[in-house]
Every structure is written in C-alpha cells, then in structure tokens.
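**Q** File follows, structure34.cif with mmCIF, C-alpha atoms:
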data_final
loop_
_atom_site.label_atom_id
_atom_site.label_comp_id
_atom_site.auth_asym_id
_atom_site.auth_seq_id
_atom_site.Cartn_x
_atom_site.Cartn_y
_atom_site.Cartn_z
CA MET Z 1 0.00 0.00 0.00
CA PRO Z 2 1.59 3.32 -1.01
CA ASP Z 3 2.02 6.14 1.45
CA ILE Z 4 0.12 8.86 -0.38
CA GLY Z 5 0.34 11.39 2.46
CA LEU Z 6 4.16 11.41 2.65
CA VAL Z 7 4.91 14.41 0.48
CA PHE Z 8 7.55 16.64 2.04
CA THR Z 9 8.23 20.22 1.11
CA PRO Z 10 11.78 21.59 1.34
CA MET Z 11 10.79 23.44 4.51
CA ASP Z 12 9.69 20.15 6.11
CA ILE Z 13 13.05 18.60 5.30
CA VAL Z 14 14.96 21.59 6.72
CA LEU Z 15 12.88 21.46 9.90
CA ALA Z 16 13.54 17.72 10.28
CA VAL Z 17 17.30 18.33 9.89
CA LEU Z 18 17.23 21.12 12.47
CA ILE Z 19 15.31 19.00 14.95
CA GLY Z 20 17.52 15.96 14.38
CA CYS Z 21 20.79 17.89 14.76
CA ALA Z 22 19.74 20.16 17.63
CA PRO Z 23 21.31 17.97 20.35
CA GLY Z 24 24.69 18.20 18.60
CA LEU Z 25 24.35 21.95 18.37
CA VAL Z 26 23.45 22.36 22.04
CA LEU Z 27 26.09 19.95 23.35
CA GLY Z 28 28.77 21.44 21.11
CA ALA Z 29 27.94 24.98 22.21
CA ALA Z 30 27.96 24.01 25.89
CA LEU Z 31 31.26 22.17 25.54
CA GLY Z 32 32.83 25.05 23.64
CA ALA Z 33 31.75 27.64 26.20
CA TRP Z 34 32.99 25.44 29.02
CA LYS Z 35 36.38 24.65 27.47
CA ASN Z 36 37.28 28.23 26.48
CA PRO Z 37 36.30 30.65 29.25
CA GLY Z 38 38.16 33.61 27.71
CA HIS Z 39 36.03 33.69 24.56
CA ARG Z 40 32.82 31.93 25.50
CA PHE Z 41 30.54 33.25 22.77
CA ARG Z 42 32.96 32.66 19.90
CA ALA Z 43 33.84 29.18 21.18
CA ALA Z 44 30.17 28.32 21.69
CA VAL Z 45 29.32 29.33 18.12
CA LEU Z 46 32.28 27.43 16.65
CA TRP Z 47 31.81 24.27 18.70
CA GLY Z 48 28.04 24.43 18.19
CA ALA Z 49 28.57 24.47 14.43
CA ILE Z 50 31.00 21.55 14.72
CA GLY Z 51 28.48 19.63 16.86
CA PHE Z 52 25.73 20.33 14.32
CA ILE Z 53 27.93 19.10 11.46
CA LEU Z 54 28.92 15.95 13.35
CA ALA Z 55 25.29 15.21 14.23
CA PHE Z 56 24.29 15.75 10.60
CA ALA Z 57 27.08 13.43 9.43
CA GLY Z 58 25.99 10.81 11.97
CA TRP Z 59 22.38 10.94 10.80
CA TRP Z 60 23.50 10.87 7.17
CA VAL Z 61 25.57 7.73 7.71
CA TYR Z 62 22.81 6.09 9.73
CA LEU Z 63 20.08 6.79 7.20
CA THR Z 64 22.07 6.07 4.02
CA VAL Z 65 24.49 3.31 5.01
CA ILE Z 66 23.28 1.50 8.10
CA LYS Z 67 19.52 1.60 7.70
#
Kindly return the structure encoded in the file as structure tokens.
**A**
Amino acid sequence: MPDIGLVFTPMDIVLAVLIGCAPGLVLGAALGAWKNPGHRFRAAVLWGAIGFILAFAGWWVYLTVIK
C-alpha cells in the first residue's frame, strides 16, 4: 500500500534536519563555552557548528548506510 500522504516540502526537510541535529548543536555549544572561558561566545558558536555538522554526518551515515 503506497504512502500517499508522505509528500515533504523543502521546509519540512529543513525542519527535520534542524530537529535531528539540535542535540549536537546544544552539546557542542555548551562544551565550547565550558572549554574556552576567555572567549565563551565565539567558542560556543564554533563548537556548536561543529556539533551540528557531526550530528548531521551521523544521521546521514545512519540513514544512508546503516539503515
């Protein structure tokens, strides 16, 4: 039986990526702010971006290779 209702717009896909990678962003930002007390905001932004990218890469590998 086909799934007729599963039509995703680009905005739905972007929202799913943001929700799926949010833990990496939050943990990366917290770790960056904690590890570099002299420049907390800059470190939080940098490490948050790195955490987001790593979470995205993890989901990508899981959904394309493993699953």
**Q** For this structure, which residues satisfy the selection - the PyMOL selection byres ((chain Z and resi 22-33) around 7) - when it is evaluated on the file as given? I want them as an NGL selection string.
**A** :Z and (18-21 or 34-37 or 40-41 or 43-45 or 47-52 or 55)
**Q** Would you work out the distance separating atom CA of Z:Leu15 from atom CA of Z:Ile53, expressed in Å to one decimal?
**A** 15.3 Å
**Q** Would you compute the distance between atom CA of Z:Trp60 and atom CA of Z:Ile13? Give it in Å to one decimal.
**A**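 Between atom CA of Z:Trp60 and atom CA of Z:Ile13 the gap works out to 13.1 Å.
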**Q** Could you work out how far atom CA of Z:Thr64 lies from atom CA of Z:Met11, giving the answer in Å with one decimal?
**A**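 Those two atoms sit 20.7 Å apart.
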**Q** Which residue out of Z:Leu6, Z:Val17, Z:Asp12, Z:Leu46 has the minimum interatomic distance to Z:Trp59 when all atoms listed in the file are used?
**A**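 Of Z:Leu6, Z:Val17, Z:Asp12, Z:Leu46, the one nearest Z:Trp59 is Z:Val17, counting all atoms listed in the file.
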